[in-house]
>>> print(open('final-v2.cif').read())   # mmCIF, C-alpha atoms and all ligand atoms
data_start
loop_
_atom_site.label_atom_id
_atom_site.label_comp_id
_atom_site.auth_asym_id
_atom_site.auth_seq_id
_atom_site.Cartn_x
_atom_site.Cartn_y
_atom_site.Cartn_z
CA MET A 1 33.54 22.95 -5.95
CA LYS A 2 32.47 20.02 -8.16
CA ILE A 3 33.88 16.59 -8.87
CA MET A 4 35.39 16.84 -12.35
CA LEU A 5 36.92 14.03 -14.40
CA PRO A 6 38.17 14.28 -17.99
CA ALA A 7 35.26 14.17 -20.45
CA ASP A 8 36.41 10.86 -21.93
CA SER A 9 36.81 9.14 -18.54
CA LYS A 10 35.44 5.59 -18.36
CA MET A 11 34.17 6.52 -14.92
CA HIS A 12 31.42 8.60 -16.55
CA SER A 13 29.88 5.40 -17.85
CA LYS A 14 26.98 3.75 -16.03
CA ALA A 15 28.97 0.53 -16.32
CA PHE A 16 31.24 1.89 -13.61
CA THR A 17 29.78 1.24 -10.13
CA PHE A 18 29.65 4.04 -7.58
CA GLY A 19 28.73 3.37 -3.99
CA VAL A 20 29.08 4.24 -0.35
CA ALA A 21 30.44 1.98 2.38
CA THR A 22 29.93 1.27 6.08
CA ALA A 23 30.72 -1.53 8.55
CA SER A 24 28.56 -3.24 11.15
CA PHE A 25 30.29 -2.33 14.42
CA GLN A 26 30.82 1.25 13.31
CA ILE A 27 27.16 2.06 12.68
CA GLU A 28 24.77 -0.52 14.11
CA GLY A 29 24.48 -0.07 17.88
CA ALA A 30 21.84 -2.51 19.26
CA VAL A 31 24.38 -4.56 21.17
CA ASP A 32 21.59 -6.12 23.22
CA TYR A 33 20.54 -8.71 20.69
CA ARG A 34 23.89 -9.94 19.57
CA LEU A 35 26.79 -11.75 21.19
CA PRO A 36 29.62 -9.66 22.63
CA CYS A 37 32.52 -9.16 20.24
CA ILE A 38 36.21 -8.29 20.64
CA TRP A 39 35.50 -4.61 20.00
CA ASP A 40 33.02 -4.46 22.90
CA THR A 41 35.73 -5.86 25.16
CA PHE A 42 38.41 -3.57 23.74
CA CYS A 43 36.20 -0.49 24.19
CA ALA A 44 35.57 -1.49 27.81
CA THR A 45 39.33 -1.62 28.47
CA PRO A 46 40.46 1.74 29.89
CA GLY A 47 42.76 3.78 27.67
CA LYS A 48 42.06 1.96 24.40
CA ILE A 49 39.54 4.32 22.76
CA ARG A 50 40.51 8.00 22.64
CA ASP A 51 37.14 9.35 23.78
CA ASN A 52 36.33 6.29 25.97
CA SER A 53 33.33 5.57 23.75
CA ASP A 54 32.00 2.28 22.42
CA GLY A 55 29.67 0.85 19.79
CA SER A 56 26.57 0.52 21.94
CA GLN A 57 24.79 3.35 20.11
CA ALA A 58 26.94 4.41 17.17
CA CYS A 59 24.56 5.56 14.39
CA GLU A 60 21.70 3.40 15.73
CA HIS A 61 21.49 1.91 12.29
CA VAL A 62 19.70 -1.24 13.45
CA LYS A 63 16.85 1.00 14.58
CA LEU A 64 17.10 3.58 11.78
CA TRP A 65 17.99 1.35 8.84
CA ARG A 66 14.93 2.23 6.78
CA GLU A 67 15.80 5.92 6.92
CA ASP A 68 19.37 5.05 6.07
CA VAL A 69 18.26 3.16 2.98
CA ASP A 70 16.29 6.28 1.97
CA LEU A 71 19.46 8.27 2.51
CA ILE A 72 21.53 5.91 0.35
CA GLU A 73 18.92 6.01 -2.38
CA SER A 74 18.81 9.81 -2.24
CA LEU A 75 22.49 9.87 -3.18
CA GLY A 76 21.76 8.06 -6.43
CA VAL A 77 24.51 5.50 -5.85
CA ASP A 78 24.55 2.18 -7.69
CA ALA A 79 25.72 0.15 -4.72
CA TYR A 80 25.98 -0.06 -0.94
CA ARG A 81 28.83 -1.86 0.81
CA LEU A 82 27.98 -3.12 4.28
CA SER A 83 29.36 -5.78 6.60
CA ILE A 84 27.63 -8.56 8.48
CA SER A 85 28.13 -8.74 12.21
CA TRP A 86 29.09 -12.37 12.87
CA PRO A 87 28.03 -12.02 16.54
CA ARG A 88 24.59 -10.80 15.42
CA VAL A 89 23.81 -13.66 13.08
CA MET A 90 25.25 -16.62 14.97
CA HIS A 91 24.58 -18.12 18.38
CA LYS A 92 27.40 -19.43 20.54
CA ASP A 93 26.57 -23.01 19.56
CA GLY A 94 27.22 -22.17 15.90
CA SER A 95 23.57 -22.07 14.83
CA LEU A 96 22.11 -19.03 13.07
CA ASN A 97 20.36 -16.36 15.14
CA PRO A 98 17.07 -15.81 13.25
CA GLN A 99 16.56 -12.29 14.60
CA GLY A 100 19.97 -11.16 13.35
CA VAL A 101 19.53 -12.91 10.02
CA ALA A 102 16.13 -11.26 9.58
CA PHE A 103 17.65 -7.81 10.15
CA TYR A 104 20.02 -8.31 7.24
CA THR A 105 17.59 -10.09 4.91
CA ASP A 106 15.10 -7.24 5.36
CA LEU A 107 17.85 -4.72 4.65
CA LEU A 108 19.11 -6.61 1.61
CA ASP A 109 15.57 -7.04 0.28
CA GLU A 110 14.91 -3.32 0.61
CA LEU A 111 18.16 -2.42 -1.15
CA ASN A 112 17.36 -4.86 -3.95
CA ARG A 113 13.85 -3.48 -4.28
CA ARG A 114 15.36 -0.08 -4.90
CA GLY A 115 17.87 -1.39 -7.41
CA ILE A 116 20.89 -0.77 -5.18
CA LYS A 117 23.56 -3.46 -5.58
CA THR A 118 24.51 -5.16 -2.32
CA PHE A 119 28.22 -5.55 -1.54
CA VAL A 120 28.50 -7.66 1.59
CA THR A 121 31.68 -8.08 3.63
CA LEU A 122 31.54 -11.09 5.94
CA TYR A 123 34.18 -9.90 8.39
CA HIS A 124 34.89 -6.29 9.25
CA TRP A 125 36.69 -6.95 12.55
CA ASP A 126 33.91 -7.86 14.98
CA LEU A 127 34.96 -11.36 16.03
CA PRO A 128 32.62 -12.96 18.59
CA GLN A 129 34.31 -12.70 21.99
CA HIS A 130 33.84 -16.38 22.87
CA ILE A 131 35.93 -17.29 19.82
CA GLU A 132 38.65 -14.87 20.94
CA ASP A 133 38.51 -16.50 24.37
CA ASN A 134 39.49 -19.69 22.61
CA GLY A 135 42.51 -18.07 20.93
CA GLY A 136 40.80 -15.97 18.26
CA TRP A 137 42.84 -15.67 15.07
CA LEU A 138 45.81 -17.30 16.79
CA ASN A 139 43.83 -20.53 16.79
CA ARG A 140 43.75 -22.31 13.44
CA GLU A 141 40.30 -23.60 14.33
CA THR A 142 38.90 -20.06 13.95
CA ALA A 143 39.51 -20.24 10.20
CA TYR A 144 37.21 -23.27 10.04
CA LEU A 145 34.61 -21.57 12.25
CA PHE A 146 34.67 -18.64 9.82
CA ALA A 147 34.09 -20.94 6.85
CA ASP A 148 31.16 -22.49 8.72
CA TYR A 149 29.69 -19.06 9.42
CA ALA A 150 30.15 -18.16 5.74
CA ASP A 151 28.43 -21.37 4.73
CA LYS A 152 25.38 -20.80 6.93
CA ILE A 153 24.92 -17.11 6.28
CA THR A 154 25.27 -17.37 2.50
CA GLN A 155 22.67 -20.11 2.44
CA ALA A 156 20.36 -17.92 4.49
CA PHE A 157 20.89 -14.93 2.17
CA GLY A 158 20.19 -16.95 -0.98
CA ASP A 159 20.48 -14.78 -4.06
CA ARG A 160 20.12 -11.42 -2.29
CA VAL A 161 23.79 -10.49 -2.53
CA TYR A 162 25.52 -8.99 -5.57
CA SER A 163 29.03 -9.33 -4.18
CA TYR A 164 30.67 -11.01 -1.19
CA ALA A 165 34.02 -10.11 0.32
CA THR A 166 35.41 -12.60 2.82
CA PHE A 167 37.50 -10.10 4.81
CA ASN A 168 38.03 -6.40 5.16
CA GLU A 169 41.70 -5.51 5.60
CA PRO A 170 43.30 -8.58 7.18
CA PHE A 171 46.35 -6.33 7.77
CA CYS A 172 44.37 -4.35 10.35
CA SER A 173 43.02 -7.43 12.11
CA SER A 174 46.43 -9.07 12.37
CA TYR A 175 48.97 -6.26 12.58
CA LEU A 176 46.94 -3.64 14.47
CA GLY A 177 45.05 -6.21 16.56
CA TYR A 178 47.60 -8.92 17.35
CA GLU A 179 51.03 -7.42 16.59
CA ILE A 180 50.98 -3.86 17.98
CA GLY A 181 47.73 -4.03 19.93
CA VAL A 182 46.14 -0.71 18.99
CA HIS A 183 43.00 -2.49 17.79
CA ALA A 184 41.02 -5.34 19.33
CA PRO A 185 41.92 -7.76 20.79
CA GLY A 186 44.93 -5.65 21.78
CA LEU A 187 47.66 -8.30 21.76
CA ALA A 188 51.18 -7.26 20.87
CA THR A 189 53.84 -9.67 19.71
CA LYS A 190 55.34 -10.07 16.27
CA ALA A 191 54.72 -13.82 16.26
CA PHE A 192 51.03 -13.25 17.05
CA GLY A 193 50.78 -10.76 14.19
CA ARG A 194 52.22 -13.17 11.66
CA GLN A 195 50.26 -16.18 12.92
CA SER A 196 46.92 -14.35 12.94
CA ALA A 197 47.61 -13.03 9.42
CA HIS A 198 48.17 -16.57 8.22
CA HIS A 199 44.97 -17.84 9.78
CA LEU A 200 42.97 -14.92 8.36
CA LEU A 201 44.28 -15.69 4.88
CA LEU A 202 43.58 -19.38 5.39
CA ALA A 203 40.04 -18.49 6.47
CA HIS A 204 39.71 -16.39 3.33
CA GLY A 205 40.65 -19.34 1.14
CA LEU A 206 38.34 -21.75 2.95
CA ALA A 207 35.46 -19.26 2.74
CA MET A 208 36.11 -18.52 -0.96
CA LYS A 209 35.41 -22.18 -1.72
CA VAL A 210 32.16 -21.91 0.23
CA LEU A 211 31.13 -18.70 -1.56
CA GLN A 212 31.79 -20.11 -5.01
CA LYS A 213 29.70 -23.16 -4.12
CA ASN A 214 26.79 -21.45 -2.32
CA SER A 215 26.70 -18.20 -4.29
CA PRO A 216 28.24 -18.85 -7.70
CA ASN A 217 26.39 -15.95 -9.30
CA SER A 218 27.75 -13.25 -7.00
CA GLN A 219 31.09 -11.48 -7.40
CA ASN A 220 33.24 -13.03 -4.68
CA GLY A 221 36.59 -11.76 -3.44
CA ILE A 222 38.46 -10.03 -0.66
CA VAL A 223 39.16 -6.45 0.42
CA LEU A 224 42.78 -5.48 1.13
CA ASN A 225 44.15 -2.14 2.27
CA PHE A 226 47.37 -0.69 0.93
CA THR A 227 49.56 2.14 2.15
CA PRO A 228 52.19 2.51 -0.58
CA CYS A 229 55.73 2.78 0.80
CA TYR A 230 58.17 5.40 -0.50
CA SER A 231 61.80 5.87 0.43
CA ALA A 232 62.85 9.06 2.22
CA THR A 233 65.90 9.48 -0.07
CA ASP A 234 67.39 7.74 -3.09
CA SER A 235 70.06 6.06 -0.98
CA ALA A 236 70.24 2.29 -1.47
CA ALA A 237 69.60 1.79 2.25
CA ASP A 238 66.39 3.85 2.26
CA VAL A 239 65.15 2.27 -0.95
CA GLU A 240 65.64 -1.14 0.61
CA ALA A 241 63.90 0.01 3.79
CA ALA A 242 60.85 1.11 1.79
CA SER A 243 60.82 -2.18 -0.09
CA LYS A 244 60.91 -4.14 3.17
CA ALA A 245 58.10 -2.07 4.66
CA ASP A 246 56.07 -2.65 1.50
CA GLN A 247 56.61 -6.40 1.72
CA TYR A 248 55.66 -6.43 5.38
CA PHE A 249 52.62 -4.17 5.35
CA ASN A 250 51.23 -4.55 1.84
CA GLN A 251 52.54 -7.46 -0.22
CA TRP A 252 52.20 -9.83 2.72
CA TYR A 253 48.44 -9.99 2.19
CA ILE A 254 48.25 -10.08 -1.61
CA LYS A 255 51.25 -12.14 -2.66
CA PRO A 256 49.97 -15.43 -1.16
CA LEU A 257 46.67 -14.97 -3.05
CA PHE A 258 48.46 -15.08 -6.39
CA ASP A 259 51.98 -16.44 -5.84
CA ARG A 260 51.31 -19.03 -3.11
CA CYS A 261 54.03 -17.73 -0.80
CA TYR A 262 54.89 -14.84 1.50
CA PRO A 263 57.28 -12.06 0.41
CA GLU A 264 60.99 -12.74 0.86
CA ILE A 265 61.18 -10.58 3.98
CA ILE A 266 60.00 -13.74 5.75
CA ASN A 267 63.61 -14.95 5.47
CA ASP A 268 64.66 -12.13 7.83
CA PHE A 269 62.40 -13.37 10.64
CA ALA A 270 63.73 -14.88 13.84
CA THR A 271 62.64 -18.51 14.26
CA GLU A 272 60.27 -17.63 17.09
CA ASP A 273 58.44 -15.10 14.87
CA MET A 274 57.78 -17.55 12.04
CA PRO A 275 54.11 -18.38 11.52
CA VAL A 276 53.17 -22.06 11.57
CA ILE A 277 52.18 -22.88 7.99
CA GLU A 278 50.81 -26.32 7.22
CA GLN A 279 51.38 -28.15 4.01
CA GLY A 280 48.74 -27.23 1.44
CA ASP A 281 47.82 -23.93 3.10
CA PHE A 282 48.91 -21.80 0.17
CA ASP A 283 46.81 -23.90 -2.19
CA ILE A 284 43.79 -23.12 -0.02
CA ILE A 285 44.67 -19.42 0.22
CA ALA A 286 45.20 -18.92 -3.51
CA GLN A 287 41.60 -19.57 -4.56
CA PRO A 288 40.62 -17.71 -7.71
CA ILE A 289 38.78 -14.48 -6.86
CA ASP A 290 36.20 -12.70 -9.02
CA PHE A 291 37.33 -9.27 -7.87
CA LEU A 292 39.88 -7.59 -5.65
CA GLY A 293 38.69 -4.85 -3.30
CA ILE A 294 41.27 -2.15 -2.62
CA ASN A 295 41.06 0.33 0.25
CA PHE A 296 43.31 3.36 -0.03
CA TYR A 297 43.75 6.41 2.17
CA THR A 298 47.38 7.53 2.27
CA ARG A 299 51.04 6.67 1.66
CA ALA A 300 53.99 6.23 4.05
CA VAL A 301 57.64 7.25 3.74
CA TYR A 302 60.46 5.13 5.20
CA LYS A 303 64.11 5.40 6.02
CA ALA A 304 66.61 2.72 6.91
CA ASP A 305 66.81 1.88 10.60
CA PRO A 306 69.65 -0.30 11.90
CA ALA A 307 67.50 -1.66 14.74
CA THR A 308 64.27 -2.50 12.91
CA GLY A 309 65.21 -2.43 9.21
CA PHE A 310 62.81 0.38 8.38
CA SER A 311 61.13 3.24 10.18
CA GLN A 312 58.43 5.58 9.03
CA ILE A 313 59.16 9.29 8.95
CA ASP A 314 56.61 11.98 9.66
CA MET A 315 55.95 14.13 6.61
CA VAL A 316 56.07 17.41 8.49
CA ASP A 317 54.47 20.37 6.70
CA LYS A 318 52.72 18.16 4.13
CA PRO A 319 48.94 18.39 3.72
CA LYS A 320 47.16 15.95 6.01
CA THR A 321 43.62 14.97 6.91
CA ASP A 322 42.18 15.41 10.39
CA ILE A 323 43.43 11.94 11.37
CA GLY A 324 46.99 12.93 10.44
CA TRP A 325 47.21 10.93 7.19
CA GLU A 326 49.14 12.64 4.40
CA ILE A 327 47.12 13.64 1.34
CA TYR A 328 49.08 12.29 -1.61
CA PRO A 329 46.77 11.22 -4.46
CA GLN A 330 49.60 10.35 -6.85
CA SER A 331 50.36 7.32 -4.67
CA PHE A 332 46.87 5.97 -5.41
CA THR A 333 47.71 5.86 -9.12
CA ASP A 334 51.17 4.44 -8.34
CA LEU A 335 49.62 1.74 -6.18
CA LEU A 336 47.11 0.63 -8.80
CA THR A 337 49.62 0.55 -11.65
CA SER A 338 52.22 -1.30 -9.56
CA LEU A 339 49.77 -3.99 -8.41
CA HIS A 340 48.64 -4.35 -12.00
CA ALA A 341 52.26 -4.92 -13.03
CA LEU A 342 52.94 -7.42 -10.23
CA TYR A 343 49.86 -9.67 -10.24
CA PRO A 344 47.32 -11.13 -12.67
CA LEU A 345 44.52 -9.13 -11.09
CA PRO A 346 40.80 -9.69 -11.55
CA PRO A 347 38.59 -6.58 -11.90
CA ILE A 348 39.22 -4.11 -9.08
CA TYR A 349 36.72 -2.29 -6.92
CA ILE A 350 37.97 0.58 -4.82
CA THR A 351 36.04 -0.54 -1.77
CA GLU A 352 37.09 2.38 0.46
CA ASN A 353 38.57 5.81 -0.06
CA GLY A 354 37.85 8.99 1.84
CA ALA A 355 39.04 11.48 4.42
CA ALA A 356 38.49 12.51 8.02
CA MET A 357 38.02 16.25 8.22
CA ASP A 358 37.28 18.66 11.03
CA ASP A 359 33.67 19.21 10.02
CA LYS A 360 31.57 22.04 11.40
CA LEU A 361 27.79 21.95 11.30
CA ILE A 362 26.80 25.59 10.84
CA GLU A 363 23.16 26.55 10.41
CA GLY A 364 22.29 23.05 9.31
CA LYS A 365 25.10 22.80 6.74
CA VAL A 366 28.55 21.23 6.54
CA ASP A 367 30.67 22.89 3.88
CA ASP A 368 33.45 20.28 3.69
CA GLN A 369 35.33 21.65 0.69
CA ASP A 370 38.50 19.95 1.99
CA ARG A 371 36.91 16.50 1.80
CA LEU A 372 35.45 17.32 -1.57
CA GLU A 373 38.90 18.27 -2.83
CA TYR A 374 40.22 14.96 -1.51
CA TYR A 375 37.53 13.05 -3.40
CA ASN A 376 38.09 15.00 -6.58
CA ALA A 377 41.85 14.40 -6.50
CA HIS A 378 41.52 10.71 -5.66
CA LEU A 379 38.83 9.98 -8.23
CA ASN A 380 41.15 11.57 -10.79
CA ALA A 381 43.98 9.41 -9.49
CA VAL A 382 41.83 6.33 -10.11
CA ASN A 383 40.98 7.61 -13.55
CA ASN A 384 44.69 8.04 -14.32
CA ALA A 385 45.30 4.42 -13.38
CA ILE A 386 42.44 3.29 -15.61
CA GLU A 387 43.99 5.25 -18.48
CA GLN A 388 47.19 3.34 -17.85
CA GLY A 389 45.37 0.06 -18.29
CA VAL A 390 44.27 -0.88 -14.78
CA ASN A 391 40.86 -2.52 -14.72
CA VAL A 392 39.02 -0.59 -12.00
CA VAL A 393 35.26 -1.14 -12.27
CA GLY A 394 33.88 0.55 -9.17
CA TYR A 395 34.48 3.01 -6.36
CA PHE A 396 33.00 3.30 -2.86
CA ALA A 397 33.28 6.39 -0.70
CA TRP A 398 34.21 5.76 2.92
CA SER A 399 31.90 6.47 4.43
CA LEU A 400 28.18 6.90 3.89
CA MET A 401 28.02 8.68 7.25
CA ASP A 402 30.16 9.62 10.24
CA ASN A 403 30.57 6.65 12.56
CA PHE A 404 32.63 4.94 15.27
CA GLU A 405 36.20 5.29 14.01
CA TRP A 406 37.76 2.43 16.02
CA ALA A 407 40.50 3.59 18.43
CA GLU A 408 39.59 7.22 17.63
CA GLY A 409 36.02 6.71 18.83
CA TYR A 410 33.66 9.40 17.52
CA LEU A 411 36.39 12.05 17.30
CA LYS A 412 37.09 11.53 13.60
CA ARG A 413 34.43 12.07 10.97
CA PHE A 414 34.76 10.22 7.65
CA GLY A 415 31.17 10.54 6.44
CA ILE A 416 29.86 12.36 3.42
CA VAL A 417 26.79 12.61 5.62
CA TYR A 418 27.10 14.31 9.03
CA VAL A 419 25.71 12.48 12.05
CA ASP A 420 24.60 14.35 15.16
CA TYR A 421 25.12 11.59 17.73
CA GLU A 422 22.73 13.20 20.24
CA THR A 423 19.74 13.37 17.93
CA GLN A 424 20.88 10.88 15.25
CA LYS A 425 19.99 13.46 12.64
CA ARG A 426 21.79 12.89 9.33
CA THR A 427 22.78 15.92 7.21
CA LEU A 428 24.27 15.71 3.73
CA LYS A 429 27.62 17.50 3.64
CA ALA A 430 28.77 19.46 0.57
CA SER A 431 30.80 16.38 -0.45
CA ALA A 432 27.62 14.26 -0.49
CA HIS A 433 25.88 16.81 -2.73
CA ALA A 434 28.85 16.86 -5.10
CA TYR A 435 29.15 13.05 -5.15
CA ARG A 436 25.41 12.78 -5.88
CA ASP A 437 25.56 15.39 -8.64
CA PHE A 438 28.57 13.68 -10.22
CA ILE A 439 26.92 10.25 -10.14
CA ASN A 440 23.62 11.51 -11.46
CA ALA A 441 25.26 13.31 -14.38
CA ARG A 442 26.50 10.00 -15.83
CA LYS A 443 25.18 8.69 -19.10
C1 LIG B 1 39.68 1.47 7.22
C2 LIG B 1 38.53 0.64 7.79
C3 LIG B 1 37.24 1.39 7.93
C4 LIG B 1 37.46 2.82 8.37
C5 LIG B 1 38.52 3.50 7.56
C6 LIG B 1 38.77 4.92 7.93
O1 LIG B 1 40.88 0.91 7.62
O2 LIG B 1 38.30 -0.48 6.96
O3 LIG B 1 36.43 0.65 8.80
O4 LIG B 1 37.68 2.87 9.71
O5 LIG B 1 39.72 2.78 7.64
#
>>> encode(input="final-v2.cif", output="C-alpha cells")
Amino acid sequence: MKIMLPADSKMHSKAFTFGVATASFQIEGAVDYRLPCIWDTFCATPGKIRDNSDGSQACEHVKLWREDVDLIESLGVDAYRLSISWPRVMHKDGSLNPQGVAFYTDLLDELNRRGIKTFVTLYHWDLPQHIEDNGGWLNRETAYLFADYADKITQAFGDRVYSYATFNEPFCSSYLGYEIGVHAPGLATKAFGRQSAHHLLLAHGLAMKVLQKNSPNSQNGIVLNFTPCYSATDSAADVEAASKADQYFNQWYIKPLFDRCYPEIINDFATEDMPVIEQGDFDIIAQPIDFLGINFYTRAVYKADPATGFSQIDMVDKPKTDIGWEIYPQSFTDLLTSLHALYPLPPIYITENGAAMDDKLIEGKVDDQDRLEYYNAHLNAVNNAIEQGVNVVGYFAWSLMDNFEWAEGYLKRFGIVYVDYETQKRTLKASAHAYRDFINARK
C-alpha cells in the first residue's frame, strides 16, 4: 500500500513540512549524566509501568545519535521534532550543565548541516525530581523556574533552532500526572489537576515572552493534544455530557490562550477544586503564538452520568490500535475545522499523529500495513481540513522509532522504524518506506 492524497492536495507542495517526532525521556537513555526526573522516580515505583521498565536505556539515543540523524536523513523528511531534557541541561543550582548542552548543540548542528529543520520542545514531561520535591507543578514557583530554564537554554542554542514549543501536551502533565495519577508524578486529586494545569499554562506564557525575546526568528508556540468528544446518542443529556468532557479535556488548554479565561465548566467546580488564579495570569498566558502544534490520535464518546456529569463509553467492535485507541480519522478533520471556527488560530503544525500496532519483525522486515493505513487515512483527514480552509502547514509522524511509551513501557510500538531493544538495531518498517516515498515524490 502507498500513501495517496488527491493530486491537487497542498500537502504535495514542498512548502508543506513533513517530519518525524521523538521525546527525550522516551529515547535517550544515558541517565548517568543528568539529574533524576519525575519519570525515573515513577518508573521505580512498583506497579506504575506495565512491564516494570524504565528509561535508563530506551533507544540509547545519546550514544547512537549520529546513526539516528543518518536514519532521519534517509527518510527524506524536512524536519525533526525532538525535546530537550531539562534535567540533562541544568544543574540543581539552576546553572547550565555544559555536557548536556553540548549533546544538544552537536545534534542541532548536525541536523542543520543536513538541512533538516529543528523543532525543539522545551518540556516533554521530564521535570527534574528536585523541583517536584518542592511541589512540582503545584508550586507556582515552578513556572518561573521553567522560564529561567527557557531563558538559559535558548541563549545557549543561539540561532540553531527553527521552532520552539514551550510544552508538549499540558493536559497529560496535569490531568494524567496530578489528577488521576497514571503518569508521573502519580498524584491524584482534582484540585491538583486543575492547579498544575494553571501553572503549566502560566509557565507557557512566561516562557513565550522569553522565546520571543531570545529567539525572535524562530517559530514559537505550544503543542496541545486533543481527543474530540462525541455524544453517545442525540439526547440532550448526552450532548451536554460530550460538551462538558470537551471543555474539561480539550478546551481547557486552548481557550485561555486566546480568550483569557477557562471554559464555563469551571462554574460547576466545588470551591475546594478551584485553581488559585492570580490577577493578570490570563494576560501572561495569552501571549501571541507563531504556531499551534496539534497532537491527535483518537476520539472519545461520552454519555451523561448523574454522578460525574459525563462518562466515556467503550466503542466495542470498532477498529482500534494496539493501545486500544479507536481509529476514527473523520474526527481529525472535525477537530481541525472546529478549532478553526472557535479561535483565531495561527498556522498549525500537526506535531504528532500515529498508531501503536502489534508489529512483527519477520526475516528482517516489518510489514505494518495497518499502521500505513492509519497514516494514509489521517493524512487524508488533514488534507480534507485544509480544503475546508484550515491552515495546516506541517505534519510530524509519531514516532521516528519505537520507544518508551510511558506507563506502557516498551510494550507498545509507535515507530515507523522498528527498534530491537537488545541489539539497538533500527529497521525501517513498511510505513517508513511509504512515508519516505510519499515525501520524496513531492514537487
Ligand atoms: C502522546 C505523547 C507522546 C507519545 C504519544 C503516543 O501523548 O506526547 O510522547 O507517547 O502520545
>>> residues_around(input="final-v2.cif", residues="region 319-325 of chain A", least_positions_apart="2", cutoff="7 Å", atoms="all atoms listed in the file", output="PyMOL selection string")
chain A and resi 298+317+327+355-358+412
>>> atom_distance(input="final-v2.cif", atom1="CA of Asp305 (chain A)", atom2="CA of Cys229 (chain A)")
14.8 Å
>>> residues_near_ligand(input="final-v2.cif", ligand="ligand LIG 1 (chain B)", cutoff="8 Å", atoms="all atoms listed in the file", output="ChimeraX atom specification")
/A:22-23,26,124,168-169,172,225,295,297,352-356,398-399,404-406,414
>>> closest_residue(input="final-v2.cif", among="A:Asn376, A:Gln99, A:Ser163, A:Gln312", to="Val120 (chain A)", atoms="all atoms listed in the file")
A:Ser163
>>> closest_residue(input="final-v2.cif", among="A:Thr189, A:Ser24, A:Ser173, A:Thr423", to="Leu82 (chain A)", atoms="only C-alpha atoms")
A:Ser24
>>> residues_around(input="final-v2.cif", residues="region 269-278 of chain A", least_positions_apart="5", cutoff="7 Å", atoms="all atoms listed in the file", output="NGL selection string")
:A and (190-191 or 194-195)
>>> residues_near_point(input="final-v2.cif", point="(37.1, 15.0, -6.7)", cutoff="12 Å", atoms="all atoms listed in the file", output="PyMOL selection string")
chain A and resi 1-6+329+353-355+369-383+397+430-432+434-439
>>> closest_residue(input="final-v2.cif", among="A:Ala341, A:Ile362, A:Val69, A:Ile294", to="Val392 (chain A)", atoms="only C-alpha atoms")
A:Ile294
>>> closest_residue(input="final-v2.cif", among="A:Pro216, A:Ser235, A:Tyr230, A:Arg50", to="Leu411 (chain A)", atoms="only C-alpha atoms")
A:Arg50
>>> atom_distance(input="final-v2.cif", atom1="CA of Arg260 (chain A)", atom2="CA of Ala207 (chain A)")
16.9 Å
>>> atom_distance(input="final-v2.cif", atom1="CA of Glu141 (chain A)", atom2="CA of Gly186 (chain A)")
20.0 Å
>>> residues_around(input="final-v2.cif", residues="region 83-88 of chain A", least_positions_apart="5", cutoff="10 Å", atoms="all atoms listed in the file", output="JSON, numbers by chain")
{"A": [21, 22, 23, 24, 25, 26, 28, 30, 31, 32, 33, 34, 35, 36, 37, 38, 96, 97, 98, 99, 100, 101, 103, 104, 119, 120, 121, 122, 123, 124, 125, 126, 127, 128, 129, 130, 146, 149, 150, 153, 164, 165, 166, 167, 168]}
>>> closest_residue(input="final-v2.cif", among="A:Leu108, A:Leu345, A:Val182, A:Ala385", to="Thr45 (chain A)", atoms="all atoms listed in the file")
A:Val182
>>> residues_around(input="final-v2.cif", residues="Leu292 (chain A)", least_positions_apart="5", cutoff="6 Å", atoms="only C-alpha atoms", output="list in words")
Gly221, Ile222 and Ile348 of chain A
>>> closest_residue(input="final-v2.cif", among="A:Ile350, A:Met90, A:Ala184, A:Glu179", to="Leu224 (chain A)", atoms="only C-alpha atoms")
A:Ile350
